[in-house]
Each structure stands twice: as structure tokens, then as C-alpha cells.
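Trainee: Contents of target-v6.cif (mmCIF, C-alpha atoms):
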data_model
loop_
_atom_site.label_atom_id
_atom_site.label_comp_id
_atom_site.auth_asym_id
_atom_site.auth_seq_id
_atom_site.Cartn_x
_atom_site.Cartn_y
_atom_site.Cartn_z
CA MET A 32 6.31 31.54 -69.17
CA SER A 33 6.08 34.68 -67.13
CA LEU A 34 8.93 35.69 -64.87
CA SER A 35 6.61 35.68 -61.87
CA ARG A 36 5.80 31.98 -62.35
CA ALA A 37 9.36 30.69 -62.54
CA PRO A 38 10.35 31.76 -59.02
CA ARG A 39 7.06 30.43 -57.64
CA ARG A 40 7.76 27.02 -59.18
CA THR A 41 11.28 27.09 -57.79
CA LEU A 42 9.96 28.08 -54.37
CA LEU A 43 7.45 25.22 -54.45
CA ALA A 44 10.20 22.73 -55.30
CA VAL A 45 12.42 24.08 -52.56
CA GLY A 46 9.49 24.08 -50.14
CA THR A 47 8.74 20.43 -50.92
CA LEU A 48 12.34 19.44 -50.29
CA SER A 49 12.50 21.51 -47.13
CA ALA A 50 9.32 19.95 -45.79
CA ALA A 51 10.54 16.47 -46.59
CA LEU A 52 13.84 17.14 -44.94
CA ALA A 53 12.37 18.85 -41.96
CA LEU A 54 11.69 15.16 -41.53
CA SER A 55 12.69 15.08 -37.97
CA ALA A 56 16.10 16.43 -38.34
CA CYS A 57 18.56 14.59 -36.24
CA THR A 58 16.23 12.65 -34.02
CA SER A 59 17.04 10.18 -31.31
CA ASP A 60 13.40 9.22 -30.70
CA ASN A 61 13.25 5.65 -29.45
CA ASN A 62 9.62 5.05 -30.35
CA GLY A 63 10.24 4.98 -34.09
CA LYS A 64 6.49 4.89 -34.66
CA SER A 65 5.58 5.99 -38.11
CA GLY A 66 3.32 4.66 -40.80
CA GLY A 67 3.96 4.55 -44.50
CA GLY A 68 0.30 5.32 -45.15
CA GLY A 69 -1.58 4.21 -48.23
CA GLY A 70 -2.51 0.77 -46.91
CA THR A 71 1.02 -0.48 -46.36
CA ASN A 72 1.19 -3.80 -44.58
CA PHE A 73 3.96 -3.43 -42.07
CA VAL A 74 4.22 -3.87 -38.37
CA THR A 75 6.06 -1.65 -35.96
CA ASN A 76 7.41 -3.64 -33.10
CA THR A 77 8.24 -2.32 -29.67
CA GLY A 78 11.86 -1.76 -30.67
CA GLY A 79 10.85 0.89 -33.18
CA VAL A 80 11.75 -1.16 -36.26
CA SER A 81 9.07 -1.34 -38.95
CA THR A 82 9.04 -4.38 -41.22
CA VAL A 83 7.17 -5.50 -44.33
CA ALA A 84 6.13 -9.10 -45.05
CA LYS A 85 8.02 -10.57 -47.99
CA GLY A 86 5.06 -10.66 -50.38
CA GLU A 87 4.10 -7.03 -49.65
CA ARG A 88 7.42 -5.31 -50.27
CA LYS A 89 8.04 -2.70 -52.97
CA ALA A 90 11.26 -1.82 -54.74
CA THR A 91 12.87 1.58 -54.35
CA ASN A 92 12.81 4.07 -57.16
CA THR A 93 16.20 4.81 -58.74
CA ILE A 94 18.76 5.62 -56.08
CA ALA A 95 21.99 6.48 -57.83
CA GLY A 96 24.48 9.28 -58.00
CA GLU A 97 27.85 10.56 -56.93
CA THR A 98 29.54 9.38 -53.76
CA LEU A 99 31.31 11.66 -51.29
CA GLU A 100 34.60 10.49 -52.78
CA GLY A 101 33.47 11.42 -56.30
CA GLY A 102 32.69 7.92 -57.60
CA LYS A 103 29.41 6.69 -59.08
CA LEU A 104 27.04 4.32 -57.30
CA ASP A 105 23.71 2.78 -58.34
CA LEU A 106 21.77 0.61 -55.89
CA ALA A 107 20.47 -1.45 -58.82
CA ASP A 108 23.98 -2.91 -59.13
CA LEU A 109 23.70 -4.38 -55.63
CA LYS A 110 20.66 -6.57 -56.34
CA GLY A 111 21.18 -10.07 -54.96
CA LYS A 112 22.60 -8.71 -51.70
CA VAL A 113 20.98 -7.39 -48.55
CA VAL A 114 21.55 -3.61 -48.66
CA VAL A 115 21.59 -1.37 -45.60
CA LEU A 116 20.88 2.29 -46.40
CA ASN A 117 21.79 4.76 -43.68
CA VAL A 118 20.75 8.42 -43.93
CA TRP A 119 23.20 10.57 -41.99
CA GLY A 120 24.86 13.96 -41.63
CA SER A 121 28.19 14.87 -40.06
CA TRP A 122 26.39 17.55 -38.01
CA CYS A 123 24.05 15.02 -36.34
CA PRO A 124 24.97 13.76 -32.82
CA PRO A 125 22.87 10.53 -33.05
CA CYS A 126 24.61 9.78 -36.38
CA ARG A 127 27.95 10.00 -34.58
CA ALA A 128 26.64 7.76 -31.80
CA GLU A 129 25.62 4.98 -34.20
CA ALA A 130 28.62 5.23 -36.56
CA PRO A 131 30.92 2.80 -34.68
CA HIS A 132 28.14 0.17 -34.69
CA PHE A 133 27.61 0.57 -38.44
CA THR A 134 31.35 0.28 -39.10
CA LYS A 135 31.60 -2.92 -37.05
CA VAL A 136 28.53 -4.61 -38.55
CA ALA A 137 29.46 -3.58 -42.11
CA ASN A 138 32.91 -5.14 -41.67
CA ASP A 139 31.51 -8.28 -40.02
CA LEU A 140 28.78 -8.97 -42.60
CA LYS A 141 30.49 -7.98 -45.86
CA ALA A 142 31.56 -11.58 -46.51
CA LYS A 143 27.96 -12.75 -46.00
CA GLY A 144 26.66 -10.61 -48.86
CA VAL A 145 25.55 -7.51 -46.98
CA GLU A 146 26.33 -4.14 -48.55
CA PHE A 147 26.12 -0.87 -46.65
CA VAL A 148 25.50 2.44 -48.43
CA GLY A 149 25.24 5.79 -46.71
CA ILE A 150 23.14 8.69 -47.93
CA ASN A 151 24.85 11.83 -46.66
CA THR A 152 22.49 14.79 -46.44
CA ARG A 153 22.58 18.46 -45.49
CA ASP A 154 26.37 18.59 -45.59
CA PHE A 155 26.64 21.37 -48.16
CA ASN A 156 30.42 21.17 -47.92
CA LYS A 157 31.84 17.65 -48.36
CA GLN A 158 34.80 18.13 -46.04
CA PRO A 159 33.01 17.58 -42.69
CA ALA A 160 31.35 14.46 -44.13
CA LEU A 161 34.66 13.09 -45.40
CA ALA A 162 36.22 13.81 -41.99
CA PHE A 163 33.32 11.94 -40.33
CA GLU A 164 33.99 8.89 -42.54
CA GLU A 165 37.68 9.02 -41.68
CA ASP A 166 37.10 9.50 -37.93
CA TYR A 167 34.78 6.48 -37.73
CA GLU A 168 36.70 4.38 -40.31
CA VAL A 169 33.52 3.96 -42.34
CA PRO A 170 34.27 1.10 -44.77
CA TYR A 171 31.44 1.75 -47.25
CA PRO A 172 30.53 4.54 -49.68
CA SER A 173 27.95 7.26 -49.15
CA LEU A 174 25.90 8.91 -51.86
CA TYR A 175 26.23 12.67 -51.61
CA ASP A 176 22.71 14.11 -51.32
CA PRO A 177 23.02 17.57 -49.72
CA ALA A 178 19.56 18.77 -50.80
CA GLY A 179 17.79 15.46 -50.05
CA LYS A 180 16.67 14.71 -53.61
CA LEU A 181 17.52 10.99 -53.37
CA ILE A 182 15.68 10.76 -50.05
CA VAL A 183 12.57 12.47 -51.42
CA ASN A 184 12.49 10.74 -54.82
CA GLY A 185 14.06 7.35 -54.04
CA PHE A 186 11.21 5.81 -52.07
CA PRO A 187 7.71 5.20 -53.51
CA LYS A 188 4.77 6.75 -51.68
CA GLY A 189 3.39 4.45 -49.02
CA THR A 190 6.66 2.58 -48.41
CA LEU A 191 8.98 2.63 -45.43
CA ASN A 192 10.80 5.80 -46.40
CA PRO A 193 13.40 7.67 -44.35
CA GLN A 194 11.61 10.33 -42.30
CA ALA A 195 14.32 11.30 -39.87
CA ILE A 196 18.05 11.79 -39.63
CA PRO A 197 19.39 9.27 -38.91
CA SER A 198 17.18 6.71 -40.63
CA THR A 199 18.09 3.20 -41.69
CA VAL A 200 16.28 1.29 -44.44
CA VAL A 201 17.18 -2.31 -45.25
CA LEU A 202 16.51 -3.81 -48.69
CA ASP A 203 16.12 -7.53 -49.26
CA LYS A 204 18.06 -9.48 -51.89
CA ASP A 205 15.49 -8.49 -54.53
CA GLY A 206 16.11 -4.80 -53.88
CA LYS A 207 12.79 -4.38 -52.07
CA ILE A 208 12.20 -2.31 -48.93
CA ALA A 209 11.96 -4.72 -45.99
CA ALA A 210 12.71 -2.81 -42.78
CA ARG A 211 13.19 0.70 -41.44
CA SER A 212 14.28 2.41 -38.25
CA LEU A 213 13.90 6.13 -37.55
CA MET A 214 16.41 6.32 -34.74
CA ALA A 215 20.09 5.79 -34.00
CA LEU A 216 20.88 2.07 -33.82
CA ASP A 217 23.26 0.02 -31.75
CA GLU A 218 24.87 -3.16 -33.05
CA LYS A 219 22.21 -5.50 -31.68
CA LYS A 220 19.28 -3.62 -33.20
CA LEU A 221 21.07 -3.17 -36.52
CA ARG A 222 21.79 -6.90 -36.76
CA SER A 223 18.14 -7.64 -35.88
CA MET A 224 17.09 -5.79 -39.05
CA ILE A 225 19.59 -7.58 -41.29
CA GLU A 226 19.79 -11.17 -40.14
CA PRO A 227 16.19 -12.24 -40.97
CA LEU A 228 16.76 -11.03 -44.54
CA LEU A 229 20.00 -12.96 -44.86
CA ALA A 230 18.08 -16.10 -43.87
CA GLU A 231 15.41 -15.62 -46.57
CA LYS A 232 15.53 -17.93 -49.59
#
Before anything else, please render the file you have as C-alpha cells.
Mentor:
Amino acid sequence: MSLSRAPRRTLLAVGTLSAALALSACTSDNNGKSGGGGGTNFVTNTGGVSTVAKGERKATNTIAGETLEGGKLDLADLKGKVVVLNVWGSWCPPCRAEAPHFTKVANDLKAKGVEFVGINTRDFNKQPALAFEEDYEVPYPSLYDPAGKLIVNGFPKGTLNPQAIPSTVVLDKDGKIAARSLMALDEKKLRSMIEPLLAEK
């Protein structure tokens, strides 16, 4: 391999990640209109929450790694529960706005079999992210994903993938992608994404 090719390959990889994470960095857009492409069968309602019919859902790719606190977490271990994935950064004002709602709903629904997992991104130093968790008394772990690799690789093409910060993706009890929002959520909207999945048999 020539020396000139190695940097080009590295630049391409970095460029791909940068493009994916230019997602809409730190958006508070209330339209939430975005398609998964590739013939996905989901509807975007007026509240900006996209959903997929039960028979049309796809599983995530592997989403596993180190948490902010240094533990290990693999979403595959949470199968059988409704899982709420929230992409956030300590530097993001809409993430701060929604954090108290996530803390409240996570505490309220834990006993009903709902697990929350954060995906912390673009915090290249863990300390601000850990301070964020402490400030908002976040009761659930966050995977540490500063370069966005889990975000880019964790969701199959054509599914409801996170395309903004914050984004929230909810998985059904089979670990399949059922709903997504590309904006900061309040308690009511967050519960509206979770409760139909809790009711599914």
C-alpha cells in the first residue's frame, strides 16, 4: 500500500463520519420530517414522530460499547424490554431542555420494563458529559460515542436512524426500530412514543 493511499482512506472515513454527524447538529426543529429512504414503510405524523408498523420493523445492527462511567453495555442484552435510545451531547441546548423529561419518564417507566440508554456524542472529554448526567440526575447509562461510530454503524440503511442531535429512537420488545423523533421531546411526546409499544403483545 502506498503512503499516499493510506491518508486518503483515513480522510474518506473521517469525511463519512463528519457528514453523518453534521446530521443536523443540535437541532430543535419541530417538524421532524425525514424519511428513511429505501422503501421504508413509516408514517410521520404532525407531531414529528416517525413510526413503523410492527410487521415492517428492522432490528438495529450491533450497538454496544463502553459507557461514560467505564462499564460495558450491549443493547442485545435488553431484548424483551422497550428501549429508548437518546442521542445527546452536553454542549447541546435542546439536549439540556429535554433532559428533565427523560429523567422523569425513565424513573416512572423502569418498573414497567422500559430501559433508557443514552448515546453521548461529540463530547471528546468525558467530564462535561458526566457533569450533565449529574446535573440532571440521569438514572440510566450512556454509551460513549464521541466520534459517532455507533450512530453511523448501528442503524441499517433505510431505517429510522438518528439524523440530528438530539434524536430519540425507540425499540420494541423484539429489539426492532419502532419510532423516532429528530427534536427535543417533552414528557408527553416521549410517553406517546413509548406507551403504544408497551401495549403490544
Trainee: What's the 8 Å shell around segment 165-178 of chain A, counting all atoms listed in the file, without same-chain residues fewer than 4 positions away, as a list in words?
Mentor: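 Here the qualifying residues turn out to be Leu48, Ala95, Gly96, Glu97, Thr98, Leu99, Glu100, Leu104, Ala130, Pro131, Phe133, Thr134, Ala137, Asn138, Glu146, Phe147, Val148, Gly149, Ile150, Asn151, Thr152, Arg153, Asp154, Phe155, Leu161 and Ile182 of chain A.
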Trainee: So which residues touch segment 214-225 of chain A within 10 Å, counting all atoms listed in the file, skipping near sequence neighbours fewer than 4 positions away, as a PDB file with C-alpha atoms, keeping the file's coordinate frame?
Mentor:
ATOM      1  CA  CYS A  57      18.560  14.590 -36.240  1.00  0.00           C
ATOM      2  CA  THR A  58      16.230  12.650 -34.020  1.00  0.00           C
ATOM      3  CA  SER A  59      17.040  10.180 -31.310  1.00  0.00           C
ATOM      4  CA  ASP A  60      13.400   9.220 -30.700  1.00  0.00           C
ATOM      5  CA  ASN A  61      13.250   5.650 -29.450  1.00  0.00           C
ATOM      6  CA  ASN A  62       9.620   5.050 -30.350  1.00  0.00           C
ATOM      7  CA  GLY A  63      10.240   4.980 -34.090  1.00  0.00           C
ATOM      8  CA  GLY A  78      11.860  -1.760 -30.670  1.00  0.00           C
ATOM      9  CA  GLY A  79      10.850   0.890 -33.180  1.00  0.00           C
ATOM     10  CA  VAL A  80      11.750  -1.160 -36.260  1.00  0.00           C
ATOM     11  CA  SER A  81       9.070  -1.340 -38.950  1.00  0.00           C
ATOM     12  CA  THR A  82       9.040  -4.380 -41.220  1.00  0.00           C
ATOM     13  CA  VAL A 113      20.980  -7.390 -48.550  1.00  0.00           C
ATOM     14  CA  VAL A 114      21.550  -3.610 -48.660  1.00  0.00           C
ATOM     15  CA  VAL A 115      21.590  -1.370 -45.600  1.00  0.00           C
ATOM     16  CA  ASN A 117      21.790   4.760 -43.680  1.00  0.00           C
ATOM     17  CA  TRP A 119      23.200  10.570 -41.990  1.00  0.00           C
ATOM     18  CA  PRO A 124      24.970  13.760 -32.820  1.00  0.00           C
ATOM     19  CA  PRO A 125      22.870  10.530 -33.050  1.00  0.00           C
ATOM     20  CA  CYS A 126      24.610   9.780 -36.380  1.00  0.00           C
ATOM     21  CA  ARG A 127      27.950  10.000 -34.580  1.00  0.00           C
ATOM     22  CA  ALA A 128      26.640   7.760 -31.800  1.00  0.00           C
ATOM     23  CA  GLU A 129      25.620   4.980 -34.200  1.00  0.00           C
ATOM     24  CA  ALA A 130      28.620   5.230 -36.560  1.00  0.00           C
ATOM     25  CA  PRO A 131      30.920   2.800 -34.680  1.00  0.00           C
ATOM     26  CA  HIS A 132      28.140   0.170 -34.690  1.00  0.00           C
ATOM     27  CA  PHE A 133      27.610   0.570 -38.440  1.00  0.00           C
ATOM     28  CA  THR A 134      31.350   0.280 -39.100  1.00  0.00           C
ATOM     29  CA  LYS A 135      31.600  -2.920 -37.050  1.00  0.00           C
ATOM     30  CA  VAL A 136      28.530  -4.610 -38.550  1.00  0.00           C
ATOM     31  CA  ALA A 137      29.460  -3.580 -42.110  1.00  0.00           C
ATOM     32  CA  LEU A 140      28.780  -8.970 -42.600  1.00  0.00           C
ATOM     33  CA  VAL A 145      25.550  -7.510 -46.980  1.00  0.00           C
ATOM     34  CA  GLN A 194      11.610  10.330 -42.300  1.00  0.00           C
ATOM     35  CA  ALA A 195      14.320  11.300 -39.870  1.00  0.00           C
ATOM     36  CA  ILE A 196      18.050  11.790 -39.630  1.00  0.00           C
ATOM     37  CA  PRO A 197      19.390   9.270 -38.910  1.00  0.00           C
ATOM     38  CA  SER A 198      17.180   6.710 -40.630  1.00  0.00           C
ATOM     39  CA  THR A 199      18.090   3.200 -41.690  1.00  0.00           C
ATOM     40  CA  VAL A 200      16.280   1.290 -44.440  1.00  0.00           C
ATOM     41  CA  VAL A 201      17.180  -2.310 -45.250  1.00  0.00           C
ATOM     42  CA  LEU A 202      16.510  -3.810 -48.690  1.00  0.00           C
ATOM     43  CA  ASP A 203      16.120  -7.530 -49.260  1.00  0.00           C
ATOM     44  CA  ALA A 209      11.960  -4.720 -45.990  1.00  0.00           C
ATOM     45  CA  ALA A 210      12.710  -2.810 -42.780  1.00  0.00           C
ATOM     46  CA  LEU A 229      20.000 -12.960 -44.860  1.00  0.00           C
ATOM     47  CA  ALA A 230      18.080 -16.100 -43.870  1.00  0.00           C
TER      48      ALA A 230
END
Trainee: Kindly resolve the PyMOL selection byres ((chain A and resi 90) around 7) on the present coordinates and return the residues as a count of residues only.
Mentor: 7
Trainee: Do you have the atom CA of Lys188 of chain A-atom CA of Gly144 of chain A distance handy?
Mentor: 28.1 Å
Trainee: What does the structure give for the distance between atom CA of Pro193 of chain A and atom CA of Leu213 of chain A, in Å to one decimal?
Mentor: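 Separation between atom CA of Pro193 of chain A and atom CA of Leu213 of chain A: 7.0 Å.
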Trainee: With distances taken over all atoms listed in the file, which of A:Arg211, A:Lys143, A:Gly120, A:Gly189 is nearest to Ala160 of chain A?
Mentor: A:Gly120
